[in-house]
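Asks: One structure coming up, written as structure tokens, with questions to follow.
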Amino acid sequence: MSKMDYKVGFIGCGNMGSAILKGMLQASLFDANNIYVYAADETQHEKLKNEFGIRIAKDNKEIMELCDFVILAVKPIHFPSVIEEIKDVYTSDKVIVSIAAGMMIDKIRKLFEQDVKVVRIMPNTPALVNEGASGICASDNISVQENQVVTSIFSALGVTVQIPEEKMHGVVAVSGSSPAYVFMFIDALIQGGMKQGLCYEDARLLASQSVLGAAKLVQESEDSLDQLVKNVCSPGGTTIEAVHVLEDKQLKDIVMEAMEACANKSRKMSE
């Protein structure tokens with residue numbers, strides 16, 4: 001695959017920004033010489049330059065001036081100050097990529113005070129190991145080719161789904177935040193295993209691999225989730241006893257209630 005001849009800039013490059021940067025380069029989507037970074041924590045600059053061979057910009061404004069695609073990898077609270085720095089040098093041939101929860105396209109455009117081209121992404125932390133899941137929505141003035149470029153970047157980190165913006169709150173609840181729920185479940189499996197006499201290291205390995213394997217089965221099997229559960233349960237066996245407890249404790253209802261709270265917070269942040 002030939003590398004794309006665009007300049008990509010990162011404003012902010014923490015854990016998620018670094019994951020995106022690493023994924024782009026590992027997938028050979030862009031030449032490192034065409035990637036620019038400016039982060040508030042300037043101690044990162046030398047580290048990123050040495051590790052990835054990318055270029056360091058002198059400030060956020062230079063990122064906007066030089067790059068075709070500008071990834072805003074900063075927290076929502078910093079959007080107003082960052083956009084204030086760069087809005088005067090934005091031109092209509094450039095694409096703004098936002099990975100911030102709650103930052104609607106219209107809100108970003110209002111901060112720029114013009115109809116900027118925006119692609120919103122809701123990634124998740126498994127992108128750090130190239131197993132991410134990202135929802136993508138684009139403003140109405142994004143071309144098919146521009147959308148394909150952004151989608152290619154995030155596809156290098158896992159799977160992507162094109163989502164209308166009004167459904168992005170659901171993406172936040174289903175994939176954006178759900179790694180935290182899964183980590184809690186894995187921790188419960190580990191603690192349960194230790195209660196049954198396993199050491200921590202063995203319980204952690206068995207629990208994490210079981211969740212990984214179960215997820216792979218969901219992706220590759222044509223069976224429904226109900227059928228996959230039944231496939232593990234032998235009549236009168238051990239698994240059915242555990243399943244009955246989880247059903248009695250209403251596991252599904254607890255998870256769905258948590259997701260509703262997550263989505264509602266996303267909606268509130270978007271106001």
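Numbering starts fresh at 1 for the residues of each chain in the structure tokens, the chains themselves are lettered A, B, ... in the order given, and ligands are numbered from 1 as they appear.
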Find the residues near range 127-136 of chain A: any atom within 6 Å, counting only C-alpha atoms, skip ones fewer than 3 places away on the same chain, and give them as a PyMOL selection string.
Replies: chain A and resi 19+120-124+157-163
Asks: Based on the selection just made, write C-alpha atoms of those residues as an mmCIF file, in the first residue's frame.
Replies:
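Output contents, as saved in again-v2.cif:
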data_model
loop_
_atom_site.group_PDB
_atom_site.id
_atom_site.type_symbol
_atom_site.label_atom_id
_atom_site.label_comp_id
_atom_site.auth_asym_id
_atom_site.auth_seq_id
_atom_site.Cartn_x
_atom_site.Cartn_y
_atom_site.Cartn_z
ATOM 1 C CA ALA A 19 -1.812 5.519 19.993
ATOM 2 C CA ARG A 120 -15.756 13.557 14.960
ATOM 3 C CA ILE A 121 -14.314 10.308 16.272
ATOM 4 C CA MET A 122 -15.211 8.419 19.440
ATOM 5 C CA PRO A 123 -12.282 6.017 19.922
ATOM 6 C CA ASN A 124 -11.576 3.863 22.964
ATOM 7 C CA LEU A 157 -6.286 1.058 15.339
ATOM 8 C CA GLY A 158 -9.130 -1.464 15.150
ATOM 9 C CA VAL A 159 -12.675 -1.345 13.756
ATOM 10 C CA THR A 160 -14.631 1.736 12.674
ATOM 11 C CA VAL A 161 -18.342 2.403 12.195
ATOM 12 C CA GLN A 162 -19.883 5.392 10.417
ATOM 13 C CA ILE A 163 -22.534 6.847 12.726
#
Asks: For range 87-89 of chain A, work out the shell of residues within 7 Å, counting only C-alpha atoms and skipping chain neighbours fewer than 6 positions away, then give it as a list in words.
Replies: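 The neighbour list is Met64, Glu65 and Phe112 of chain A.
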Asks: Identify all residues of range 2-218 of chain A in strand (DSSP E or B) (DSSP on the backbone) and supply them as an MDAnalysis selection string.
Replies: chainID A and resid 8:11 35:38 55:56 69:72 95:98 117:122 132:138 158:162
Asks: Report as CSV the residues of range 119-179 of chain A within 12 Å of range 66-72 of chain A, each with its shortest atom pair and distance in Å (one decimal), using only C-alpha atoms, ordered by chain and increasing residue number.
Replies:
residue,atom,partner,partner_atom,distance
A:Val119,CA,A:Ile71,CA,9.4
A:Arg120,CA,A:Ile71,CA,9.8
A:Ile121,CA,A:Ile71,CA,10.0
A:Ile142,CA,A:Phe69,CA,11.8
A:Glu146,CA,A:Phe69,CA,8.9
A:Asn147,CA,A:Phe69,CA,10.8
A:Val149,CA,A:Phe69,CA,9.1
A:Val150,CA,A:Phe69,CA,8.4
A:Ile153,CA,A:Ile71,CA,10.8
A:Phe154,CA,A:Ile71,CA,11.6
Asks: CA of Val182 in chain A to CA of Ser208 in chain A: how many Å, to one decimal?
Replies: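 Interatomic distance, CA of Val182 in chain A to CA of Ser208 in chain A: 9.8 Å.
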Asks: Restricting the calculation to only C-alpha atoms: of A:Lys3, A:Leu111, A:Met104, A:Ala258, which residue gets closest to Leu29 in chain A?
Replies: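 Closest residue, counting only C-alpha atoms: A:Lys3.
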Asks: Between CA of Met103 in chain A and CA of Ser270 in chain A, what is the spacing in Å?
Replies: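 Distance reported for this atom pair: 5.9 Å.
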Asks: Within 12 Å of range 76-83 of chain A, which residues of range 94-140 of chain A show up? Give each one with its shortest atom-to-atom distance in Å (one decimal) and the two atoms involved, counting only C-alpha atoms, rows by chain then rising residue number, as a tab-separated table.
Replies:
residue	atom	partner	partner_atom	distance
A:Ile96	CA	A:Ile83	CA	10.5
A:Ser98	CA	A:Pro76	CA	9.5
A:Ile99	CA	A:Pro76	CA	9.1
A:Ala100	CA	A:Pro76	CA	5.8
A:Ala101	CA	A:Pro76	CA	7.2
A:Gly102	CA	A:Pro76	CA	7.6
A:Met103	CA	A:Pro76	CA	6.8
A:Met104	CA	A:Pro76	CA	10.5
A:Lys107	CA	A:Pro80	CA	10.0
A:Ile108	CA	A:Phe79	CA	8.2
A:Arg109	CA	A:Ile83	CA	9.8
A:Lys110	CA	A:Pro80	CA	9.9
A:Leu111	CA	A:Pro80	CA	6.4
A:Phe112	CA	A:Ile83	CA	6.3
A:Glu113	CA	A:Ile83	CA	9.8
A:Gln114	CA	A:Ile83	CA	11.6
A:Val116	CA	A:Ile83	CA	11.4
Asks: Can you write out as JSON lines which residues of range 182-230 of chain A fall within 12 Å of range 236-249 of chain A, alongside each residue's closest atom pair and its distance in Å to one decimal, counting only C-alpha atoms and ordering rows by chain and ascending residue number?
Replies:
{"residue": "A:Leu189", "atom": "CA", "partner": "A:Ala242", "partner_atom": "CA", "distance": 12.0}
{"residue": "A:Gly192", "atom": "CA", "partner": "A:Ala242", "partner_atom": "CA", "distance": 11.9}
{"residue": "A:Asp226", "atom": "CA", "partner": "A:Val243", "partner_atom": "CA", "distance": 11.5}
{"residue": "A:Val229", "atom": "CA", "partner": "A:Val243", "partner_atom": "CA", "distance": 8.6}
{"residue": "A:Lys230", "atom": "CA", "partner": "A:Ile240", "partner_atom": "CA", "distance": 8.6}
Asks: Which is closer to Val171 in chain A than all the others in A:Arg267, A:Lys47, A:Lys7, A:Lys252, using only C-alpha atoms?
Replies: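 For Val171 in chain A, the nearest of the given residues is A:Arg267.
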Asks: Using DSSP assignments from the backbone, pull out every residue in range 34-264 of chain A that falls under helix (DSSP H, G or I) and give it to me as a short mmCIF file (atom, residue, chain, number, x, y, z; two decimals) with N, CA and C atoms, in the first residue's frame.
Replies:
data_model
loop_
_atom_site.label_atom_id
_atom_site.label_comp_id
_atom_site.auth_asym_id
_atom_site.auth_seq_id
_atom_site.Cartn_x
_atom_site.Cartn_y
_atom_site.Cartn_z
N ASN A 34 5.85 13.68 7.25
CA ASN A 34 4.64 14.47 6.98
C ASN A 34 3.72 14.56 8.20
N THR A 43 7.94 18.31 27.14
CA THR A 43 8.90 17.24 27.43
C THR A 43 8.62 16.01 26.56
N GLN A 44 7.38 15.93 26.03
CA GLN A 44 7.03 14.81 25.15
C GLN A 44 7.66 14.93 23.78
N HIS A 45 7.98 16.14 23.38
CA HIS A 45 8.41 16.38 22.01
C HIS A 45 9.63 15.54 21.62
N GLU A 46 10.67 15.60 22.45
CA GLU A 46 11.89 14.87 22.13
C GLU A 46 11.64 13.37 22.11
N LYS A 47 10.82 12.91 23.06
CA LYS A 47 10.48 11.48 23.13
C LYS A 47 9.77 11.04 21.86
N LEU A 48 8.76 11.81 21.43
CA LEU A 48 8.00 11.46 20.23
C LEU A 48 8.88 11.52 18.97
N LYS A 49 9.74 12.52 18.92
CA LYS A 49 10.62 12.67 17.76
C LYS A 49 11.59 11.50 17.67
N ASN A 50 12.14 11.11 18.83
CA ASN A 50 13.11 9.99 18.84
C ASN A 50 12.43 8.65 18.53
N GLU A 51 11.22 8.47 19.07
CA GLU A 51 10.54 7.19 18.89
C GLU A 51 9.95 7.01 17.51
N PHE A 52 9.38 8.09 16.95
CA PHE A 52 8.63 7.96 15.71
C PHE A 52 9.25 8.68 14.51
N ASN A 60 0.75 25.58 18.18
CA ASN A 60 -0.49 25.07 17.59
C ASN A 60 -0.81 25.75 16.26
N LYS A 61 -0.48 27.01 16.17
CA LYS A 61 -0.77 27.78 14.95
C LYS A 61 -0.01 27.21 13.75
N GLU A 62 1.23 26.81 13.97
CA GLU A 62 2.02 26.24 12.88
C GLU A 62 1.43 24.90 12.42
N ILE A 63 0.91 24.12 13.36
CA ILE A 63 0.22 22.88 12.98
C ILE A 63 -0.90 23.18 12.00
N MET A 64 -1.72 24.18 12.33
CA MET A 64 -2.86 24.54 11.49
C MET A 64 -2.40 25.05 10.13
N GLU A 65 -1.33 25.80 10.12
CA GLU A 65 -0.84 26.37 8.86
C GLU A 65 -0.26 25.30 7.94
N LEU A 66 0.42 24.31 8.50
CA LEU A 66 1.16 23.35 7.68
C LEU A 66 0.36 22.14 7.24
N PRO A 76 -11.83 18.30 26.14
CA PRO A 76 -12.84 19.30 25.75
C PRO A 76 -12.65 20.66 26.42
N ILE A 77 -12.18 20.65 27.66
CA ILE A 77 -12.02 21.91 28.39
C ILE A 77 -11.00 22.83 27.72
N HIS A 78 -10.08 22.26 26.95
CA HIS A 78 -9.04 23.05 26.30
C HIS A 78 -9.41 23.49 24.88
N PHE A 79 -10.54 23.02 24.35
CA PHE A 79 -10.93 23.37 22.98
C PHE A 79 -11.03 24.88 22.76
N PRO A 80 -11.72 25.63 23.62
CA PRO A 80 -11.84 27.08 23.36
C PRO A 80 -10.50 27.78 23.23
N SER A 81 -9.56 27.50 24.12
CA SER A 81 -8.26 28.20 24.07
C SER A 81 -7.43 27.75 22.87
N VAL A 82 -7.47 26.45 22.55
CA VAL A 82 -6.71 25.95 21.41
C VAL A 82 -7.27 26.50 20.10
N ILE A 83 -8.59 26.45 19.95
CA ILE A 83 -9.20 26.94 18.71
C ILE A 83 -9.01 28.44 18.56
N GLU A 84 -8.99 29.17 19.65
CA GLU A 84 -8.72 30.62 19.60
C GLU A 84 -7.35 30.88 18.97
N GLU A 85 -6.39 30.00 19.24
CA GLU A 85 -5.04 30.15 18.70
C GLU A 85 -4.98 29.88 17.20
N ILE A 86 -5.80 28.97 16.71
CA ILE A 86 -5.62 28.47 15.34
C ILE A 86 -6.69 28.93 14.35
N LYS A 87 -7.79 29.49 14.83
CA LYS A 87 -8.94 29.74 13.94
C LYS A 87 -8.63 30.74 12.83
N ASP A 88 -7.73 31.68 13.08
CA ASP A 88 -7.46 32.72 12.08
C ASP A 88 -6.63 32.20 10.92
N VAL A 89 -5.99 31.05 11.08
CA VAL A 89 -5.18 30.52 9.97
C VAL A 89 -5.83 29.28 9.35
N ILE A 105 -20.26 18.81 16.38
CA ILE A 105 -19.75 19.51 15.21
C ILE A 105 -20.14 20.98 15.23
N ASP A 106 -21.40 21.28 15.55
CA ASP A 106 -21.85 22.68 15.59
C ASP A 106 -21.09 23.47 16.65
N LYS A 107 -20.79 22.85 17.78
CA LYS A 107 -20.06 23.53 18.84
C LYS A 107 -18.64 23.87 18.38
N ILE A 108 -18.01 22.94 17.68
CA ILE A 108 -16.66 23.19 17.15
C ILE A 108 -16.70 24.31 16.12
N ARG A 109 -17.72 24.30 15.26
CA ARG A 109 -17.84 25.35 14.25
C ARG A 109 -18.07 26.72 14.88
N LYS A 110 -18.84 26.76 15.93
CA LYS A 110 -19.07 28.04 16.62
C LYS A 110 -17.78 28.58 17.22
N LEU A 111 -16.94 27.69 17.74
CA LEU A 111 -15.66 28.13 18.30
C LEU A 111 -14.74 28.66 17.19
N PHE A 112 -14.79 28.06 16.02
CA PHE A 112 -14.00 28.53 14.88
C PHE A 112 -14.63 29.77 14.22
N THR A 125 -9.87 3.14 24.52
CA THR A 125 -8.48 2.88 24.92
C THR A 125 -7.86 1.60 24.36
N PRO A 126 -8.63 0.56 23.99
CA PRO A 126 -7.96 -0.58 23.35
C PRO A 126 -7.26 -0.23 22.03
N ALA A 127 -7.47 1.00 21.54
CA ALA A 127 -6.69 1.47 20.40
C ALA A 127 -5.19 1.45 20.73
N LEU A 128 -4.87 1.51 22.02
CA LEU A 128 -3.46 1.47 22.44
C LEU A 128 -2.78 0.17 22.03
N VAL A 129 -3.58 -0.89 21.84
CA VAL A 129 -3.03 -2.19 21.41
C VAL A 129 -3.63 -2.61 20.06
N VAL A 144 -15.98 12.57 0.23
CA VAL A 144 -15.83 11.13 0.40
C VAL A 144 -14.37 10.78 0.62
N GLN A 145 -13.48 11.40 -0.14
CA GLN A 145 -12.05 11.11 -0.03
C GLN A 145 -11.51 11.54 1.34
N GLU A 146 -11.92 12.71 1.82
CA GLU A 146 -11.47 13.17 3.13
C GLU A 146 -11.94 12.25 4.24
N ASN A 147 -13.18 11.79 4.12
CA ASN A 147 -13.71 10.86 5.11
C ASN A 147 -12.94 9.53 5.06
N GLN A 148 -12.57 9.11 3.86
CA GLN A 148 -11.82 7.86 3.71
C GLN A 148 -10.44 7.96 4.35
N VAL A 149 -9.81 9.13 4.24
CA VAL A 149 -8.49 9.32 4.85
C VAL A 149 -8.58 9.17 6.36
N VAL A 150 -9.57 9.86 6.97
CA VAL A 150 -9.73 9.79 8.42
C VAL A 150 -10.10 8.37 8.85
N THR A 151 -10.99 7.74 8.10
CA THR A 151 -11.40 6.37 8.43
C THR A 151 -10.21 5.42 8.36
N SER A 152 -9.33 5.61 7.37
CA SER A 152 -8.13 4.77 7.25
C SER A 152 -7.24 4.90 8.47
N ILE A 153 -7.11 6.12 9.00
CA ILE A 153 -6.28 6.35 10.17
C ILE A 153 -6.79 5.53 11.35
N PHE A 154 -8.10 5.60 11.59
CA PHE A 154 -8.65 4.93 12.76
C PHE A 154 -8.89 3.44 12.53
N SER A 155 -9.00 3.04 11.27
CA SER A 155 -9.09 1.61 10.98
C SER A 155 -7.77 0.91 11.29
N GLU A 165 -24.43 11.75 13.76
CA GLU A 165 -23.99 12.39 15.00
C GLU A 165 -24.99 12.25 16.14
N GLU A 166 -26.28 12.24 15.82
CA GLU A 166 -27.28 12.14 16.88
C GLU A 166 -27.21 10.79 17.62
N LYS A 167 -26.53 9.80 17.02
CA LYS A 167 -26.39 8.50 17.67
C LYS A 167 -25.03 8.32 18.37
N MET A 168 -24.24 9.39 18.37
CA MET A 168 -22.90 9.29 18.94
C MET A 168 -22.93 9.04 20.44
N HIS A 169 -23.98 9.47 21.13
CA HIS A 169 -24.08 9.22 22.57
C HIS A 169 -24.13 7.72 22.85
N GLY A 170 -24.77 6.98 21.94
CA GLY A 170 -24.81 5.53 22.07
C GLY A 170 -23.44 4.91 21.88
N VAL A 171 -22.65 5.48 20.96
CA VAL A 171 -21.29 4.99 20.75
C VAL A 171 -20.45 5.20 22.01
N VAL A 172 -20.63 6.36 22.64
CA VAL A 172 -19.90 6.63 23.89
C VAL A 172 -20.19 5.53 24.91
N ALA A 173 -21.47 5.14 25.04
CA ALA A 173 -21.87 4.15 26.03
C ALA A 173 -21.47 2.73 25.64
N VAL A 174 -21.56 2.40 24.34
CA VAL A 174 -21.31 1.02 23.89
C VAL A 174 -19.83 0.70 23.77
N SER A 175 -19.05 1.63 23.22
CA SER A 175 -17.63 1.33 23.00
C SER A 175 -16.68 2.33 23.65
N GLY A 176 -17.03 3.61 23.65
CA GLY A 176 -16.13 4.60 24.20
C GLY A 176 -15.79 4.36 25.66
N SER A 178 -17.05 1.54 27.49
CA SER A 178 -17.24 0.15 27.92
C SER A 178 -15.97 -0.60 28.33
N PRO A 179 -14.78 -0.22 27.83
CA PRO A 179 -13.60 -0.92 28.37
C PRO A 179 -13.53 -0.86 29.89
N ALA A 180 -13.97 0.25 30.48
CA ALA A 180 -13.96 0.34 31.94
C ALA A 180 -14.88 -0.69 32.56
N TYR A 181 -16.06 -0.91 31.94
CA TYR A 181 -16.99 -1.91 32.48
C TYR A 181 -16.35 -3.31 32.39
N VAL A 182 -15.69 -3.55 31.25
CA VAL A 182 -15.09 -4.88 31.03
C VAL A 182 -13.93 -5.11 32.00
N PHE A 183 -13.13 -4.05 32.24
CA PHE A 183 -12.04 -4.18 33.21
C PHE A 183 -12.60 -4.55 34.58
N MET A 184 -13.73 -3.94 34.95
CA MET A 184 -14.35 -4.25 36.24
C MET A 184 -14.81 -5.71 36.28
N PHE A 185 -15.36 -6.20 35.16
CA PHE A 185 -15.81 -7.59 35.09
C PHE A 185 -14.62 -8.55 35.19
N ILE A 186 -13.54 -8.22 34.47
CA ILE A 186 -12.35 -9.07 34.54
C ILE A 186 -11.79 -9.08 35.96
N ASP A 187 -11.80 -7.91 36.60
CA ASP A 187 -11.31 -7.85 37.99
C ASP A 187 -12.16 -8.73 38.90
N ALA A 188 -13.48 -8.72 38.67
CA ALA A 188 -14.37 -9.58 39.47
C ALA A 188 -14.04 -11.05 39.24
N LEU A 189 -13.75 -11.43 37.99
CA LEU A 189 -13.37 -12.82 37.70
C LEU A 189 -12.07 -13.18 38.42
N ILE A 190 -11.12 -12.24 38.41
CA ILE A 190 -9.85 -12.50 39.09
C ILE A 190 -10.06 -12.70 40.58
N GLN A 191 -10.84 -11.78 41.18
CA GLN A 191 -11.09 -11.87 42.62
C GLN A 191 -11.84 -13.17 42.97
N GLY A 192 -12.79 -13.53 42.11
CA GLY A 192 -13.51 -14.79 42.32
C GLY A 192 -12.61 -15.99 42.21
N GLY A 193 -11.67 -15.94 41.26
CA GLY A 193 -10.72 -17.03 41.11
C GLY A 193 -9.81 -17.17 42.31
N MET A 194 -9.37 -16.03 42.81
CA MET A 194 -8.51 -16.05 44.00
C MET A 194 -9.26 -16.60 45.21
N LYS A 195 -10.55 -16.29 45.29
CA LYS A 195 -11.37 -16.82 46.39
C LYS A 195 -11.45 -18.33 46.32
N TYR A 200 -3.00 -14.82 42.00
CA TYR A 200 -3.42 -13.65 41.20
C TYR A 200 -2.98 -13.77 39.75
N GLU A 201 -1.73 -14.15 39.50
CA GLU A 201 -1.20 -14.20 38.14
C GLU A 201 -1.97 -15.20 37.27
N ASP A 202 -2.25 -16.38 37.82
CA ASP A 202 -3.00 -17.39 37.06
C ASP A 202 -4.43 -16.93 36.80
N ALA A 203 -5.06 -16.36 37.82
CA ALA A 203 -6.44 -15.90 37.67
C ALA A 203 -6.53 -14.77 36.65
N ARG A 204 -5.56 -13.85 36.66
CA ARG A 204 -5.56 -12.74 35.70
C ARG A 204 -5.41 -13.25 34.27
N LEU A 205 -4.48 -14.18 34.07
CA LEU A 205 -4.26 -14.72 32.73
C LEU A 205 -5.49 -15.46 32.24
N LEU A 206 -6.07 -16.32 33.06
CA LEU A 206 -7.23 -17.11 32.66
C LEU A 206 -8.44 -16.22 32.40
N ALA A 207 -8.65 -15.22 33.25
CA ALA A 207 -9.80 -14.33 33.10
C ALA A 207 -9.69 -13.46 31.85
N SER A 208 -8.53 -12.84 31.67
CA SER A 208 -8.37 -11.94 30.52
C SER A 208 -8.44 -12.71 29.20
N GLN A 209 -7.82 -13.89 29.15
CA GLN A 209 -7.86 -14.68 27.92
C GLN A 209 -9.27 -15.18 27.64
N SER A 210 -10.02 -15.51 28.68
CA SER A 210 -11.39 -15.98 28.48
C SER A 210 -12.28 -14.89 27.91
N VAL A 211 -12.11 -13.65 28.40
CA VAL A 211 -12.88 -12.52 27.87
C VAL A 211 -12.46 -12.23 26.43
N LEU A 212 -11.15 -12.28 26.16
CA LEU A 212 -10.66 -12.08 24.80
C LEU A 212 -11.22 -13.14 23.85
N GLY A 213 -11.18 -14.39 24.28
CA GLY A 213 -11.68 -15.49 23.45
C GLY A 213 -13.18 -15.42 23.24
N ALA A 214 -13.91 -15.04 24.29
CA ALA A 214 -15.37 -14.92 24.17
C ALA A 214 -15.73 -13.82 23.17
N ALA A 215 -15.00 -12.70 23.23
CA ALA A 215 -15.26 -11.60 22.29
C ALA A 215 -14.98 -12.03 20.85
N LYS A 216 -13.92 -12.81 20.67
CA LYS A 216 -13.59 -13.30 19.32
C LYS A 216 -14.68 -14.24 18.81
N LEU A 217 -15.22 -15.07 19.68
CA LEU A 217 -16.33 -15.94 19.29
C LEU A 217 -17.55 -15.14 18.85
N VAL A 218 -17.85 -14.05 19.58
CA VAL A 218 -18.99 -13.19 19.21
C VAL A 218 -18.79 -12.64 17.79
N GLN A 219 -17.55 -12.24 17.49
CA GLN A 219 -17.28 -11.65 16.18
C GLN A 219 -17.32 -12.69 15.05
N GLU A 220 -16.90 -13.91 15.36
CA GLU A 220 -16.72 -14.89 14.28
C GLU A 220 -17.83 -15.94 14.18
N LEU A 225 -26.25 -14.38 20.71
CA LEU A 225 -25.63 -14.34 22.04
C LEU A 225 -26.29 -15.35 22.97
N ASP A 226 -27.62 -15.48 22.89
CA ASP A 226 -28.31 -16.47 23.71
C ASP A 226 -27.80 -17.88 23.43
N GLN A 227 -27.60 -18.18 22.15
CA GLN A 227 -27.12 -19.51 21.77
C GLN A 227 -25.69 -19.74 22.25
N LEU A 228 -24.87 -18.68 22.19
CA LEU A 228 -23.49 -18.82 22.66
C LEU A 228 -23.46 -19.13 24.16
N VAL A 229 -24.38 -18.49 24.91
CA VAL A 229 -24.49 -18.80 26.34
C VAL A 229 -24.88 -20.26 26.52
N LYS A 230 -25.89 -20.70 25.76
CA LYS A 230 -26.37 -22.08 25.88
C LYS A 230 -25.28 -23.09 25.51
N ASN A 231 -24.41 -22.70 24.57
CA ASN A 231 -23.34 -23.60 24.15
C ASN A 231 -22.36 -23.92 25.28
N VAL A 232 -22.26 -23.00 26.25
CA VAL A 232 -21.34 -23.21 27.37
C VAL A 232 -22.02 -23.98 28.51
N THR A 238 -22.04 -26.97 35.73
CA THR A 238 -21.54 -25.87 36.58
C THR A 238 -21.94 -24.49 36.05
N THR A 239 -21.84 -24.30 34.74
CA THR A 239 -22.05 -22.96 34.18
C THR A 239 -23.47 -22.47 34.41
N ILE A 240 -24.44 -23.35 34.27
CA ILE A 240 -25.84 -22.94 34.42
C ILE A 240 -26.11 -22.40 35.82
N GLU A 241 -25.39 -22.90 36.81
CA GLU A 241 -25.55 -22.39 38.17
C GLU A 241 -25.10 -20.93 38.25
N ALA A 242 -23.96 -20.63 37.61
CA ALA A 242 -23.47 -19.25 37.60
C ALA A 242 -24.40 -18.34 36.81
N VAL A 243 -24.88 -18.83 35.67
CA VAL A 243 -25.79 -18.03 34.83
C VAL A 243 -27.06 -17.69 35.58
N HIS A 244 -27.61 -18.64 36.33
CA HIS A 244 -28.83 -18.39 37.11
C HIS A 244 -28.61 -17.27 38.13
N VAL A 245 -27.44 -17.24 38.76
CA VAL A 245 -27.14 -16.17 39.72
C VAL A 245 -27.06 -14.82 39.02
N LEU A 246 -26.39 -14.77 37.88
CA LEU A 246 -26.26 -13.52 37.14
C LEU A 246 -27.62 -13.03 36.65
N GLU A 247 -28.48 -13.96 36.26
CA GLU A 247 -29.84 -13.58 35.85
C GLU A 247 -30.65 -13.08 37.04
N ASP A 248 -30.53 -13.77 38.17
CA ASP A 248 -31.27 -13.35 39.38
C ASP A 248 -30.82 -11.96 39.85
N LEU A 251 -27.94 -8.90 35.85
CA LEU A 251 -26.71 -8.35 35.26
C LEU A 251 -27.00 -7.46 34.06
N LYS A 252 -27.86 -7.93 33.15
CA LYS A 252 -28.16 -7.14 31.95
C LYS A 252 -28.75 -5.78 32.31
N ASP A 253 -29.68 -5.78 33.26
CA ASP A 253 -30.31 -4.52 33.66
C ASP A 253 -29.31 -3.56 34.28
N ILE A 254 -28.39 -4.09 35.08
CA ILE A 254 -27.36 -3.24 35.71
C ILE A 254 -26.48 -2.60 34.64
N VAL A 255 -26.04 -3.39 33.67
CA VAL A 255 -25.17 -2.87 32.60
C VAL A 255 -25.92 -1.83 31.77
N MET A 256 -27.16 -2.12 31.41
CA MET A 256 -27.93 -1.18 30.59
C MET A 256 -28.22 0.12 31.34
N GLU A 257 -28.44 0.02 32.65
CA GLU A 257 -28.67 1.22 33.45
C GLU A 257 -27.40 2.07 33.50
N ALA A 258 -26.25 1.40 33.64
CA ALA A 258 -24.97 2.11 33.63
C ALA A 258 -24.73 2.81 32.30
N MET A 259 -25.06 2.13 31.22
CA MET A 259 -24.87 2.71 29.88
C MET A 259 -25.79 3.91 29.66
N GLU A 260 -27.01 3.83 30.20
CA GLU A 260 -27.94 4.95 30.09
C GLU A 260 -27.38 6.18 30.80
N ALA A 261 -26.78 5.96 31.99
CA ALA A 261 -26.17 7.07 32.73
C ALA A 261 -25.02 7.67 31.93
N CYS A 262 -24.24 6.80 31.29
CA CYS A 262 -23.11 7.24 30.48
C CYS A 262 -23.59 8.09 29.29
N ALA A 263 -24.59 7.59 28.57
CA ALA A 263 -25.13 8.30 27.41
C ALA A 263 -25.75 9.63 27.82
N ASN A 264 -26.44 9.65 28.96
CA ASN A 264 -27.07 10.90 29.42
C ASN A 264 -26.01 11.94 29.76
#
Asks: Between CA of Ala27 in chain A and CA of Lys58 in chain A, what is the spacing in Å?
Replies: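 A separation of 26.8 Å between them.
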Asks: If we count only C-alpha atoms, what is near Leu21 in chain A at a cut-off of 10 Å, once residues fewer than 4 positions away on the same chain are taken out, given as a ChimeraX atom specification?
Replies: /A:8-10,13,15-17,25-26,30,32,35-37,48,52,54,153-154,157
Asks: A:Val74, A:Ser143, A:Met269, A:Asp223: which is nearest Ser18 in chain A, counting only C-alpha atoms?
Replies: A:Val74
